[in-house]
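Asker: What follows is query31.cif, made up of mmCIF, C-alpha atoms:
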data_query
#
loop_
_atom_site.group_PDB
_atom_site.id
_atom_site.type_symbol
_atom_site.label_atom_id
_atom_site.label_comp_id
_atom_site.auth_asym_id
_atom_site.auth_seq_id
_atom_site.Cartn_x
_atom_site.Cartn_y
_atom_site.Cartn_z
ATOM 1 C CA MET A 133 -9.978 -58.239 -34.607
ATOM 2 C CA LYS A 134 -11.374 -57.979 -31.094
ATOM 3 C CA ILE A 135 -10.092 -54.985 -29.128
ATOM 4 C CA THR A 136 -11.142 -53.841 -25.702
ATOM 5 C CA PHE A 137 -11.408 -50.085 -26.020
ATOM 6 C CA ASN A 138 -11.930 -48.122 -22.818
ATOM 7 C CA GLY A 139 -13.342 -51.241 -21.224
ATOM 8 C CA GLN A 140 -15.741 -52.080 -24.073
ATOM 9 C CA LEU A 141 -15.144 -55.054 -26.325
ATOM 10 C CA THR A 142 -15.239 -53.955 -29.961
ATOM 11 C CA ASP A 143 -14.478 -55.220 -33.465
ATOM 12 C CA SER A 144 -11.907 -53.159 -35.323
ATOM 13 C CA ALA A 145 -10.228 -53.281 -38.703
ATOM 14 C CA ALA A 146 -7.459 -50.930 -37.525
ATOM 15 C CA ASP A 147 -4.063 -52.542 -37.547
ATOM 16 C CA ASN A 148 -2.255 -49.832 -35.598
ATOM 17 C CA LEU A 149 -2.988 -47.660 -32.594
ATOM 18 C CA GLN A 150 -3.225 -44.410 -34.531
ATOM 19 C CA SER A 151 -5.845 -45.823 -36.891
ATOM 20 C CA LEU A 152 -7.827 -47.187 -33.977
ATOM 21 C CA VAL A 153 -8.039 -43.936 -32.025
ATOM 22 C CA ILE A 154 -9.058 -42.074 -35.205
ATOM 23 C CA ALA A 155 -11.681 -44.700 -35.960
ATOM 24 C CA MET A 156 -13.016 -44.412 -32.415
ATOM 25 C CA GLY A 157 -13.436 -40.657 -32.817
ATOM 26 C CA ALA A 158 -10.805 -39.570 -30.302
ATOM 27 C CA LYS A 159 -10.906 -35.865 -29.489
ATOM 28 C CA GLU A 160 -7.904 -33.829 -28.398
ATOM 29 C CA PRO A 161 -6.352 -33.706 -25.909
ATOM 30 C CA PHE A 162 -5.777 -37.350 -25.052
ATOM 31 C CA ALA A 163 -3.172 -39.949 -24.204
ATOM 32 C CA VAL A 164 -3.160 -43.646 -25.043
ATOM 33 C CA ALA A 165 -2.166 -46.829 -23.248
ATOM 34 C CA LEU A 166 -1.924 -50.299 -24.765
ATOM 35 C CA ASN A 167 -2.274 -53.267 -22.420
ATOM 36 C CA GLY A 168 -1.537 -51.035 -19.462
ATOM 37 C CA GLN A 169 1.544 -49.485 -21.039
ATOM 38 C CA PHE A 170 1.694 -45.824 -22.035
ATOM 39 C CA ILE A 171 2.299 -45.310 -25.741
ATOM 40 C CA PRO A 172 3.538 -41.828 -26.709
ATOM 41 C CA ARG A 173 1.509 -40.198 -29.466
ATOM 42 C CA SER A 174 4.591 -40.164 -31.648
ATOM 43 C CA GLN A 175 4.645 -43.976 -31.574
ATOM 44 C CA CYS A 176 0.945 -44.680 -32.131
ATOM 45 C CA GLN A 177 1.342 -44.936 -35.898
ATOM 46 C CA THR A 178 3.998 -47.610 -35.622
ATOM 47 C CA THR A 179 2.397 -49.538 -32.773
ATOM 48 C CA LEU A 180 0.629 -52.531 -34.250
ATOM 49 C CA LEU A 181 -2.457 -54.069 -32.689
ATOM 50 C CA SER A 182 -3.130 -57.723 -31.991
ATOM 51 C CA ASP A 183 -6.352 -59.576 -31.362
ATOM 52 C CA GLY A 184 -7.289 -59.268 -27.692
ATOM 53 C CA ASP A 185 -5.400 -56.031 -27.051
ATOM 54 C CA SER A 186 -6.742 -53.568 -24.526
ATOM 55 C CA VAL A 187 -6.563 -49.856 -25.306
ATOM 56 C CA GLU A 188 -7.241 -46.952 -22.983
ATOM 57 C CA LEU A 189 -7.869 -43.434 -24.304
ATOM 58 C CA LEU A 190 -7.794 -40.844 -21.550
ATOM 59 C CA SER A 191 -8.653 -37.148 -21.472
ATOM 60 C CA PRO A 192 -8.513 -34.369 -18.874
ATOM 61 C CA ILE A 193 -11.106 -34.286 -16.140
ATOM 62 C CA GLN A 194 -11.588 -32.563 -12.838
ATOM 63 C CA GLY A 195 -9.332 -33.759 -10.074
ATOM 64 C CA GLY A 196 -8.630 -33.132 -6.433
ATOM 65 C CA MET B 22 11.529 -14.841 11.306
ATOM 66 C CA GLN B 23 12.061 -14.075 7.627
ATOM 67 C CA ASP B 24 9.308 -15.489 5.442
ATOM 68 C CA LYS B 25 9.939 -17.385 2.234
ATOM 69 C CA PRO B 26 7.523 -18.225 -0.551
ATOM 70 C CA LEU B 27 5.976 -21.621 -1.159
ATOM 71 C CA THR B 28 8.521 -23.340 -3.380
ATOM 72 C CA ILE B 29 7.771 -26.453 -5.415
ATOM 73 C CA TYR B 30 10.760 -27.939 -7.183
ATOM 74 C CA GLY B 31 12.337 -24.532 -7.577
ATOM 75 C CA GLN B 32 9.186 -22.677 -8.600
ATOM 76 C CA ALA B 33 7.973 -20.041 -6.151
ATOM 77 C CA PHE B 34 4.323 -19.225 -5.484
ATOM 78 C CA GLU B 35 2.925 -16.277 -3.565
ATOM 79 C CA ASN B 36 -0.231 -18.058 -2.471
ATOM 80 C CA ARG B 37 0.007 -21.162 -0.312
ATOM 81 C CA LEU B 38 -3.210 -22.785 -1.384
ATOM 82 C CA LEU B 39 -3.449 -25.538 -3.976
ATOM 83 C CA ILE B 40 -7.000 -26.114 -5.142
ATOM 84 C CA GLY B 41 -8.791 -29.052 -6.716
ATOM 85 C CA SER B 42 -11.052 -28.708 -9.734
ATOM 86 C CA ALA B 43 -13.595 -31.431 -8.875
ATOM 87 C CA LEU B 44 -17.066 -31.599 -7.328
ATOM 88 C CA TYR B 45 -18.199 -28.030 -8.038
ATOM 89 C CA PRO B 46 -21.881 -27.509 -8.817
ATOM 90 C CA SER B 47 -21.027 -25.961 -12.185
ATOM 91 C CA PRO B 48 -18.027 -24.988 -14.309
ATOM 92 C CA MET B 49 -18.764 -21.326 -13.642
ATOM 93 C CA VAL B 50 -18.704 -21.842 -9.875
ATOM 94 C CA MET B 51 -15.473 -23.777 -10.267
ATOM 95 C CA GLN B 52 -13.862 -20.887 -12.119
ATOM 96 C CA GLN B 53 -15.074 -18.309 -9.616
ATOM 97 C CA ALA B 54 -14.016 -20.382 -6.616
ATOM 98 C CA ILE B 55 -10.562 -21.013 -8.047
ATOM 99 C CA SER B 56 -10.156 -17.302 -8.659
ATOM 100 C CA GLU B 57 -11.412 -16.323 -5.199
ATOM 101 C CA SER B 58 -9.115 -18.828 -3.497
ATOM 102 C CA GLY B 59 -6.050 -17.045 -4.807
ATOM 103 C CA ALA B 60 -4.480 -20.438 -5.508
ATOM 104 C CA GLY B 61 -1.526 -20.579 -7.853
ATOM 105 C CA ILE B 62 -1.868 -24.285 -8.543
ATOM 106 C CA VAL B 63 -4.878 -26.348 -9.617
ATOM 107 C CA THR B 64 -5.145 -30.127 -9.655
ATOM 108 C CA VAL B 65 -6.552 -32.153 -12.560
ATOM 109 C CA SER B 66 -6.734 -35.772 -13.623
ATOM 110 C CA LEU B 67 -7.334 -38.139 -16.559
ATOM 111 C CA ARG B 68 -10.201 -40.524 -17.221
ATOM 112 C CA ARG B 69 -11.592 -42.487 -20.141
ATOM 113 C CA GLN B 70 -12.752 -40.149 -22.871
ATOM 114 C CA SER B 71 -16.541 -39.724 -22.950
ATOM 115 C CA SER B 72 -16.923 -41.392 -19.564
ATOM 116 C CA VAL B 73 -17.601 -38.059 -17.903
ATOM 117 C CA ALA B 74 -18.299 -34.523 -18.991
ATOM 118 C CA ALA B 75 -14.726 -33.536 -19.529
ATOM 119 C CA GLY B 76 -12.140 -33.354 -22.242
ATOM 120 C CA GLU B 77 -11.399 -30.285 -24.287
ATOM 121 C CA ASP B 78 -14.024 -27.985 -22.744
ATOM 122 C CA PHE B 79 -12.838 -28.662 -19.226
ATOM 123 C CA TRP B 80 -9.219 -28.386 -20.195
ATOM 124 C CA GLN B 81 -9.864 -25.033 -21.860
ATOM 125 C CA LEU B 82 -11.497 -23.730 -18.680
ATOM 126 C CA ILE B 83 -8.466 -24.753 -16.665
ATOM 127 C CA ARG B 84 -6.059 -23.232 -19.149
ATOM 128 C CA ASN B 85 -8.013 -19.987 -18.992
ATOM 129 C CA THR B 86 -7.258 -19.723 -15.277
ATOM 130 C CA GLY B 87 -3.591 -19.309 -16.142
ATOM 131 C CA LEU B 88 -2.653 -21.366 -13.089
ATOM 132 C CA THR B 89 0.039 -24.000 -12.841
ATOM 133 C CA VAL B 90 -1.468 -27.440 -13.387
ATOM 134 C CA LEU B 91 -0.779 -30.362 -11.078
ATOM 135 C CA PRO B 92 -2.056 -33.674 -12.504
ATOM 136 C CA ASN B 93 -2.849 -36.503 -10.117
ATOM 137 C CA THR B 94 -2.941 -40.287 -10.242
ATOM 138 C CA ALA B 95 -6.152 -40.519 -8.222
ATOM 139 C CA GLY B 96 -7.798 -43.916 -8.216
ATOM 140 C CA CYS B 97 -4.645 -45.935 -8.830
ATOM 141 C CA ASN B 98 -4.141 -49.030 -6.699
ATOM 142 C CA SER B 99 -0.818 -50.323 -7.958
ATOM 143 C CA THR B 100 2.612 -49.037 -8.822
ATOM 144 C CA LYS B 101 2.147 -50.004 -12.473
ATOM 145 C CA GLU B 102 -1.167 -48.166 -12.783
ATOM 146 C CA ALA B 103 0.231 -45.050 -11.156
ATOM 147 C CA VAL B 104 3.377 -44.999 -13.280
ATOM 148 C CA THR B 105 1.375 -45.493 -16.494
ATOM 149 C CA LEU B 106 -1.083 -42.765 -15.548
ATOM 150 C CA ALA B 107 1.790 -40.433 -14.679
ATOM 151 C CA HIS B 108 3.257 -41.004 -18.138
ATOM 152 C CA MET B 109 -0.098 -40.228 -19.729
ATOM 153 C CA CYS B 110 -0.497 -37.095 -17.600
ATOM 154 C CA ARG B 111 2.924 -35.862 -18.646
ATOM 155 C CA GLU B 112 1.975 -36.088 -22.291
ATOM 156 C CA VAL B 113 -1.490 -34.528 -22.014
ATOM 157 C CA PHE B 114 -0.679 -31.753 -19.542
ATOM 158 C CA ALA B 115 2.881 -31.129 -20.735
ATOM 159 C CA THR B 116 4.302 -31.087 -17.211
ATOM 160 C CA ASP B 117 6.633 -33.338 -15.282
ATOM 161 C CA TRP B 118 4.865 -32.513 -12.039
ATOM 162 C CA ILE B 119 2.762 -35.334 -10.663
ATOM 163 C CA LYS B 120 0.668 -35.607 -7.510
ATOM 164 C CA LEU B 121 1.324 -39.256 -6.836
ATOM 165 C CA GLU B 122 -1.733 -40.832 -5.295
ATOM 166 C CA LEU B 123 -1.725 -44.568 -4.685
ATOM 167 C CA ILE B 124 -4.599 -45.912 -2.641
ATOM 168 C CA GLY B 125 -4.008 -48.855 -0.318
ATOM 169 C CA ASP B 126 -7.417 -49.211 1.280
ATOM 170 C CA GLU B 127 -10.796 -48.446 -0.218
ATOM 171 C CA TYR B 128 -12.468 -47.769 3.130
ATOM 172 C CA ASN B 129 -10.499 -44.716 4.149
ATOM 173 C CA LEU B 130 -8.616 -44.185 0.876
ATOM 174 C CA GLN B 131 -5.376 -44.412 2.808
ATOM 175 C CA PRO B 132 -2.245 -44.169 0.671
ATOM 176 C CA ASP B 133 -0.284 -47.398 0.242
ATOM 177 C CA PRO B 134 3.127 -46.498 1.682
ATOM 178 C CA ILE B 135 5.001 -49.403 0.097
ATOM 179 C CA ALA B 136 3.684 -48.947 -3.421
ATOM 180 C CA LEU B 137 4.111 -45.204 -2.999
ATOM 181 C CA LEU B 138 7.829 -45.623 -2.356
ATOM 182 C CA GLU B 139 8.190 -47.934 -5.354
ATOM 183 C CA ALA B 140 6.351 -45.609 -7.724
ATOM 184 C CA THR B 141 8.119 -42.530 -6.400
ATOM 185 C CA GLU B 142 11.521 -44.063 -7.025
ATOM 186 C CA ILE B 143 10.596 -45.039 -10.586
ATOM 187 C CA LEU B 144 9.113 -41.661 -11.455
ATOM 188 C CA LEU B 145 11.938 -39.618 -9.939
ATOM 189 C CA GLN B 146 14.418 -41.647 -11.970
ATOM 190 C CA GLU B 147 12.378 -40.849 -15.065
ATOM 191 C CA GLY B 148 12.637 -37.134 -14.399
ATOM 192 C CA PHE B 149 9.257 -36.522 -12.825
ATOM 193 C CA LYS B 150 8.881 -33.983 -10.043
ATOM 194 C CA VAL B 151 6.903 -36.097 -7.628
ATOM 195 C CA LEU B 152 4.534 -34.692 -5.031
ATOM 196 C CA PRO B 153 3.547 -37.806 -3.090
ATOM 197 C CA TYR B 154 0.255 -37.865 -1.217
ATOM 198 C CA CYS B 155 1.174 -39.842 1.891
ATOM 199 C CA THR B 156 0.151 -40.618 5.429
ATOM 200 C CA ASP B 157 1.497 -38.601 8.347
ATOM 201 C CA ASP B 158 4.122 -41.249 9.088
ATOM 202 C CA LEU B 159 7.506 -39.722 9.876
ATOM 203 C CA VAL B 160 9.613 -42.641 8.681
ATOM 204 C CA LEU B 161 7.703 -42.903 5.408
ATOM 205 C CA CYS B 162 8.247 -39.182 4.861
ATOM 206 C CA GLN B 163 11.942 -39.594 5.600
ATOM 207 C CA ARG B 164 12.163 -42.429 3.070
ATOM 208 C CA LEU B 165 10.411 -40.341 0.431
ATOM 209 C CA ALA B 166 12.784 -37.471 1.129
ATOM 210 C CA ALA B 167 15.768 -39.810 0.867
ATOM 211 C CA LEU B 168 14.584 -40.864 -2.597
ATOM 212 C CA GLY B 169 14.789 -37.240 -3.689
ATOM 213 C CA CYS B 170 11.338 -35.765 -3.149
ATOM 214 C CA GLU B 171 11.514 -32.031 -2.504
ATOM 215 C CA VAL B 172 7.820 -31.849 -1.661
ATOM 216 C CA LEU B 173 5.716 -34.119 0.545
ATOM 217 C CA MET B 174 1.970 -34.022 1.025
ATOM 218 C CA PRO B 175 0.879 -35.876 4.171
ATOM 219 C CA TRP B 176 -2.826 -36.130 4.816
ATOM 220 C CA GLY B 177 -4.662 -34.198 7.482
ATOM 221 C CA SER B 178 -7.380 -36.847 7.554
ATOM 222 C CA PRO B 179 -8.935 -39.160 4.940
ATOM 223 C CA ILE B 180 -9.958 -37.621 1.618
ATOM 224 C CA GLY B 181 -13.299 -35.883 1.653
ATOM 225 C CA THR B 182 -13.989 -36.288 5.375
ATOM 226 C CA GLY B 183 -13.529 -32.669 6.363
ATOM 227 C CA LYS B 184 -12.248 -33.747 9.763
ATOM 228 C CA GLY B 185 -9.215 -31.484 9.725
ATOM 229 C CA LEU B 186 -5.857 -32.402 11.245
ATOM 230 C CA LEU B 187 -6.459 -35.677 13.095
ATOM 231 C CA ASN B 188 -2.891 -35.930 14.356
ATOM 232 C CA PRO B 189 -1.227 -32.541 14.724
ATOM 233 C CA TYR B 190 1.589 -34.140 16.721
ATOM 234 C CA ASN B 191 2.601 -36.328 13.778
ATOM 235 C CA LEU B 192 2.432 -33.430 11.366
ATOM 236 C CA LYS B 193 4.464 -31.225 13.699
ATOM 237 C CA THR B 194 7.095 -33.936 14.093
ATOM 238 C CA ILE B 195 7.432 -34.298 10.318
ATOM 239 C CA ARG B 196 7.877 -30.533 10.061
ATOM 240 C CA GLU B 197 10.576 -30.533 12.732
ATOM 241 C CA ARG B 198 12.451 -33.534 11.341
ATOM 242 C CA LEU B 199 12.346 -32.408 7.707
ATOM 243 C CA PRO B 200 12.921 -28.661 7.966
ATOM 244 C CA GLU B 201 14.233 -28.214 4.425
ATOM 245 C CA LEU B 202 11.375 -29.919 2.608
ATOM 246 C CA THR B 203 8.287 -28.239 1.261
ATOM 247 C CA LEU B 204 5.403 -29.745 3.218
ATOM 248 C CA ILE B 205 1.789 -29.461 2.152
ATOM 249 C CA VAL B 206 -1.166 -30.874 4.048
ATOM 250 C CA ASP B 207 -3.285 -32.651 1.482
ATOM 251 C CA ALA B 208 -6.775 -33.976 2.099
ATOM 252 C CA GLY B 209 -9.226 -34.043 4.945
ATOM 253 C CA LEU B 210 -9.583 -30.334 5.568
ATOM 254 C CA GLY B 211 -13.117 -29.065 6.120
ATOM 255 C CA LEU B 212 -12.811 -25.603 7.604
ATOM 256 C CA PRO B 213 -10.580 -22.595 7.059
ATOM 257 C CA SER B 214 -9.429 -23.023 10.664
ATOM 258 C CA HIS B 215 -8.002 -26.439 9.689
ATOM 259 C CA ALA B 216 -5.939 -24.800 6.957
ATOM 260 C CA CYS B 217 -4.891 -22.057 9.346
ATOM 261 C CA GLN B 218 -3.756 -24.687 11.863
ATOM 262 C CA ALA B 219 -1.656 -26.463 9.236
ATOM 263 C CA LEU B 220 0.105 -23.241 8.353
ATOM 264 C CA GLU B 221 0.564 -22.363 12.033
ATOM 265 C CA LEU B 222 2.385 -25.694 12.413
ATOM 266 C CA GLY B 223 4.852 -24.539 9.808
ATOM 267 C CA TYR B 224 3.431 -26.308 6.789
ATOM 268 C CA ASP B 225 4.191 -24.501 3.582
ATOM 269 C CA GLY B 226 0.755 -24.910 2.069
ATOM 270 C CA VAL B 227 -2.476 -26.865 1.888
ATOM 271 C CA LEU B 228 -4.170 -28.721 -0.934
ATOM 272 C CA LEU B 229 -7.937 -28.979 -0.740
ATOM 273 C CA ASN B 230 -10.968 -29.517 -2.879
ATOM 274 C CA SER B 231 -14.060 -30.872 -1.123
ATOM 275 C CA ALA B 232 -13.995 -28.236 1.623
ATOM 276 C CA ILE B 233 -14.542 -25.542 -0.989
ATOM 277 C CA ALA B 234 -16.501 -27.403 -3.667
ATOM 278 C CA GLY B 235 -18.810 -29.000 -1.100
ATOM 279 C CA ALA B 236 -19.568 -25.795 0.786
ATOM 280 C CA GLY B 237 -22.987 -24.168 0.548
ATOM 281 C CA CYS B 238 -21.323 -21.276 -1.250
ATOM 282 C CA PRO B 239 -18.045 -22.483 -2.729
ATOM 283 C CA VAL B 240 -16.947 -19.036 -3.894
ATOM 284 C CA THR B 241 -17.305 -17.463 -0.458
ATOM 285 C CA MET B 242 -15.631 -20.460 1.171
ATOM 286 C CA ALA B 243 -12.740 -20.193 -1.267
ATOM 287 C CA GLY B 244 -12.169 -16.647 -0.093
ATOM 288 C CA ALA B 245 -12.333 -17.780 3.531
ATOM 289 C CA PHE B 246 -9.626 -20.381 2.907
ATOM 290 C CA ASN B 247 -7.525 -17.786 1.135
ATOM 291 C CA HIS B 248 -7.596 -15.564 4.235
ATOM 292 C CA ALA B 249 -7.086 -18.506 6.604
ATOM 293 C CA VAL B 250 -3.964 -19.670 4.820
ATOM 294 C CA GLN B 251 -2.508 -16.181 4.962
ATOM 295 C CA ALA B 252 -3.387 -15.817 8.644
ATOM 296 C CA GLY B 253 -1.825 -19.162 9.501
ATOM 297 C CA ARG B 254 1.388 -18.348 7.696
ATOM 298 C CA HIS B 255 1.650 -14.921 9.304
ATOM 299 C CA ALA B 256 1.162 -16.579 12.701
ATOM 300 C CA TYR B 257 3.919 -19.093 11.975
ATOM 301 C CA VAL B 258 6.335 -16.405 10.868
ATOM 302 C CA ALA B 259 5.432 -14.278 13.893
ATOM 303 C CA GLN B 260 6.220 -17.222 16.221
ATOM 304 C CA ALA B 261 3.515 -17.906 18.764
ATOM 305 C CA MET B 262 3.989 -17.223 22.442
ATOM 306 C CA PRO B 263 5.009 -20.218 24.548
ATOM 307 C CA GLN B 264 2.136 -22.015 26.212
ATOM 308 C CA LYS B 265 2.020 -21.971 30.013
ATOM 309 C CA GLU B 266 0.318 -24.166 32.548
ATOM 310 C CA VAL B 267 -0.355 -21.323 34.992
ATOM 311 C CA ALA B 268 -2.333 -18.180 34.347
ATOM 312 C CA ALA B 269 -0.389 -14.958 34.058
ATOM 313 C CA PRO B 270 -2.212 -11.611 34.118
ATOM 314 C CA SER B 271 -1.705 -9.389 31.127
ATOM 315 C CA THR B 272 -2.690 -6.189 32.950
ATOM 316 C CA PRO B 273 0.023 -5.048 35.390
ATOM 317 C CA THR B 274 -0.700 -5.830 39.051
ATOM 318 C CA MET B 275 1.690 -3.130 40.258
ATOM 319 C CA GLY B 276 -0.309 -0.096 41.329
ATOM 320 C CA MET B 277 -3.553 -2.012 41.576
ATOM 321 C CA PRO B 278 -5.877 -0.190 44.026
ATOM 322 C CA PHE B 279 -7.584 -2.121 46.808
ATOM 323 C CA TRP B 280 -4.966 -4.874 46.323
ATOM 324 C CA HIS B 281 -6.101 -7.855 48.336
ATOM 325 C CA GLN B 282 -7.675 -5.660 51.035
ATOM 326 C CA ASN B 283 -10.627 -8.015 51.555
#
Represent the structure contained in this file as C-alpha cells.
Answerer:
Amino acid sequence: MKITFNGQLTDSAADNLQSLVIAMGAKEPFAVALNGQFIPRSQCQTTLLSDGDSVELLSPIQGG
Amino acid sequence: MQDKPLTIYGQAFENRLLIGSALYPSPMVMQQAISESGAGIVTVSLRRQSSVAAGEDFWQLIRNTGLTVLPNTAGCNSTKEAVTLAHMCREVFATDWIKLELIGDEYNLQPDPIALLEATEILLQEGFKVLPYCTDDLVLCQRLAALGCEVLMPWGSPIGTGKGLLNPYNLKTIRERLPELTLIVDAGLGLPSHACQALELGYDGVLLNSAIAGAGCPVTMAGAFNHAVQAGRHAYVAQAMPQKEVAAPSTPTMGMPFWHQN
C-alpha cells in the first residue's frame, strides 16, 4: 500500500505501525504519529495501516 | 529582601539560566558552552529522523550533561500540531514538561496567543507542566495563569534577533501583576546586559540560545551570561535605589572649603 513516511511517498507491505517503523530502519529513540495523531509505542503493534496513511517518525534534535 | 531559587513546577534550580542546544558550531562547543553557562535546564526538540544530524548521538550528549531537559514544540503553527508534538516529546524525553511554542506569524515568529491558550488548556488537562512561550501581553499572561500555568515565558524580542528587551514596561507590569508566578524572559536576548536587565526587573530567569551559540566564542559568552544572570538577580534582591529627577551629591557638602566664595 502507499504510505507517506516522513513526507516521502513509499510502497510498504507492513500492515501495522510497528512493522512499518522496523522496515524503515527506525533508530531509538523515536516517537510516532499516524495522520497527525500521536501513537504511543505500546500501541504501534496493534495500530493497523491503511492505504494513504501518513506516518511521522521523530527523533531528538537540538532546540532553542 | 530574602532570595528564593528559580522554581519550575515545584522543582528548584540554583542557576537562573535556561540554555538552548541549537546552532552551535560543533557538538563539543555545545557541551562546553552549556557547562560554562551554569544552566540547570537545556532545551531540545524533535524532528523527522534522518532529516538532520541528530538522534541517538545528540541525545546521548544531552544526557551526559546531567541537566534537566525541556522539550519544545518549535515550528508548530496550530493547536493540533503542538499538542501532537507535545505528546511525542513526552514519550521520547520521558518528561511532562513542555515549552509550548506556537507561531502565529512567520515574519517575526510571534506566538499565536489564541492557539497558545487553546493548546495550553488541553495540555494542562492532560497533566503536562506547560511553559508557554508568549508575547509580553499582560492580559494574555493573566489568562495563561488562570488556566493553571505556574511558569510563563514572555519574549524579550523576536527569536534570534538579539535586540534585548524591547518593552521593559510591559515586562515589568507582568512581573508586578503576577507576583507569584515564575517568569522567564525567553527569546530575543543578545547581550549579557539584556539578561541582567531581565533579572533586575524581577524575572526569575532567562532562556536563550542564539546569543551564546551565535557569539564569536560561545563558551566565553556562556560564562558572561552566567555572571550577568547572577548580577541581575543580586541587584533585584538588593533593591535598587529610587531614581530621581534632580542631581544629589554623594560627597557631603557640609564642611566644604571655599564654599561658593566666587
Asker: I'd like the residues picked by the PyMOL selection byres ((chain B and resi 141-149) around 12) written out as a short mmCIF file (atom, residue, chain, number, x, y, z; two decimals) with C-alpha atoms, in the coordinates of the input, using the chain letters and numbers from the file.
Answerer:
data_model
loop_
_atom_site.label_atom_id
_atom_site.label_comp_id
_atom_site.auth_asym_id
_atom_site.auth_seq_id
_atom_site.Cartn_x
_atom_site.Cartn_y
_atom_site.Cartn_z
CA TYR B 30 10.76 -27.94 -7.18
CA LEU B 91 -0.78 -30.36 -11.08
CA PRO B 92 -2.06 -33.67 -12.50
CA THR B 94 -2.94 -40.29 -10.24
CA SER B 99 -0.82 -50.32 -7.96
CA THR B 100 2.61 -49.04 -8.82
CA LYS B 101 2.15 -50.00 -12.47
CA ALA B 103 0.23 -45.05 -11.16
CA VAL B 104 3.38 -45.00 -13.28
CA THR B 105 1.38 -45.49 -16.49
CA LEU B 106 -1.08 -42.76 -15.55
CA ALA B 107 1.79 -40.43 -14.68
CA HIS B 108 3.26 -41.00 -18.14
CA CYS B 110 -0.50 -37.10 -17.60
CA ARG B 111 2.92 -35.86 -18.65
CA GLU B 112 1.98 -36.09 -22.29
CA ALA B 115 2.88 -31.13 -20.74
CA THR B 116 4.30 -31.09 -17.21
CA ASP B 117 6.63 -33.34 -15.28
CA TRP B 118 4.86 -32.51 -12.04
CA ILE B 119 2.76 -35.33 -10.66
CA LYS B 120 0.67 -35.61 -7.51
CA LEU B 121 1.32 -39.26 -6.84
CA GLU B 122 -1.73 -40.83 -5.30
CA LEU B 123 -1.72 -44.57 -4.68
CA ASP B 133 -0.28 -47.40 0.24
CA PRO B 134 3.13 -46.50 1.68
CA ILE B 135 5.00 -49.40 0.10
CA ALA B 136 3.68 -48.95 -3.42
CA LEU B 137 4.11 -45.20 -3.00
CA LEU B 138 7.83 -45.62 -2.36
CA GLU B 139 8.19 -47.93 -5.35
CA ALA B 140 6.35 -45.61 -7.72
CA LYS B 150 8.88 -33.98 -10.04
CA VAL B 151 6.90 -36.10 -7.63
CA LEU B 152 4.53 -34.69 -5.03
CA PRO B 153 3.55 -37.81 -3.09
CA TYR B 154 0.26 -37.86 -1.22
CA CYS B 155 1.17 -39.84 1.89
CA LEU B 161 7.70 -42.90 5.41
CA CYS B 162 8.25 -39.18 4.86
CA ARG B 164 12.16 -42.43 3.07
CA LEU B 165 10.41 -40.34 0.43
CA ALA B 166 12.78 -37.47 1.13
CA ALA B 167 15.77 -39.81 0.87
CA LEU B 168 14.58 -40.86 -2.60
CA GLY B 169 14.79 -37.24 -3.69
CA CYS B 170 11.34 -35.76 -3.15
CA GLU B 171 11.51 -32.03 -2.50
CA VAL B 172 7.82 -31.85 -1.66
CA LEU B 173 5.72 -34.12 0.55
#
Asker: Restricting the calculation to all atoms listed in the file: of A:Ser186, A:Asn167, A:Gln177, A:Asn138, which residue gets closest to chain B?
Answerer: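 Checking each candidate against chain B, we get A:Asn138 as the closest.
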Asker: For the interface of chain A with chain B (cut-off 6 Å, counting all atoms listed in the file), please tabulate each contacting residue of chain A alongside its nearest pair of atoms and their separation in Å to one decimal, rows sorted by chain and increasing number, as CSV.
Answerer:
residue,atom,partner,partner_atom,distance
A:Phe162,CA,B:Val113,CA,6.0
A:Ala163,CA,B:Met109,CA,5.4
A:Phe170,CA,B:Thr105,CA,5.6
A:Leu189,CA,B:Arg69,CA,5.7
A:Leu190,CA,B:Arg69,CA,4.4
A:Ser191,CA,B:Leu67,CA,5.2
A:Pro192,CA,B:Leu67,CA,4.6
A:Ile193,CA,B:Ala75,CA,5.0
A:Gln194,CA,B:Ala43,CA,4.6
A:Gly195,CA,B:Val65,CA,4.1
A:Gly196,CA,B:Gly41,CA,4.1
Asker: Could you give me, as a count of residues only, the residues within 12 Å of range 233-247 of chain B, counting only C-alpha atoms and dropping anything in the same chain fewer than 6 positions from it?
Answerer: 50
Asker: Report the residues retrieved by the PyMOL selection byres ((chain A and resi 151) around 12) from the displayed file, expressed as a compact mmCIF listing (two decimals) with C-alpha atoms, in the coordinates of the input.
Answerer:
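To be explicit, this is the file written out as result39.txt:
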# COMPACT_ATOMS: atom_id res chain seq x y z
CA SER A 144 -11.91 -53.16 -35.32
CA ALA A 145 -10.23 -53.28 -38.70
CA ALA A 146 -7.46 -50.93 -37.52
CA ASP A 147 -4.06 -52.54 -37.55
CA ASN A 148 -2.26 -49.83 -35.60
CA LEU A 149 -2.99 -47.66 -32.59
CA GLN A 150 -3.22 -44.41 -34.53
CA LEU A 152 -7.83 -47.19 -33.98
CA VAL A 153 -8.04 -43.94 -32.02
CA ILE A 154 -9.06 -42.07 -35.20
CA ALA A 155 -11.68 -44.70 -35.96
CA MET A 156 -13.02 -44.41 -32.42
CA GLY A 157 -13.44 -40.66 -32.82
CA ALA A 158 -10.80 -39.57 -30.30
CA ARG A 173 1.51 -40.20 -29.47
CA GLN A 175 4.64 -43.98 -31.57
CA CYS A 176 0.94 -44.68 -32.13
CA GLN A 177 1.34 -44.94 -35.90
CA THR A 178 4.00 -47.61 -35.62
CA THR A 179 2.40 -49.54 -32.77
CA LEU A 180 0.63 -52.53 -34.25
CA LEU A 181 -2.46 -54.07 -32.69
Asker: Mind working out the centre and edge lengths of an axis-aligned box for range 158-175 of chain A, all listed atoms inside, 5 Å added to each side, rounded to one decimal in Å and written as lines of an AutoDock Vina configuration file?
Answerer:
center_x = -3.1
center_y = -43.5
center_z = -25.6
size_x = 25.6
size_y = 29.6
size_z = 22.2
Asker: Could you please determine the separation between CA of Tyr257 in chain B and CA of Gly223 in chain B in Å, to one decimal place?
Answerer: 5.9 Å
Asker: Would you mind reading off the distance between CA of Tyr128 in chain B and CA of Pro179 in chain B, one decimal, in Å?
Answerer: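 Interatomic distance here is 9.5 Å.
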Asker: I'd like the residues picked by the PyMOL selection byres ((chain A and resi 166) around 8) written out as a list in words, using the chain letters and numbers from the file.
Answerer: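 Evaluating the PyMOL selection byres ((chain A and resi 166) around 8) on this file yields Val164, Ala165, Asn167, Gly168, Gln169, Phe170, Ile171, Asp185, Ser186, Val187 and Glu188 of chain A.
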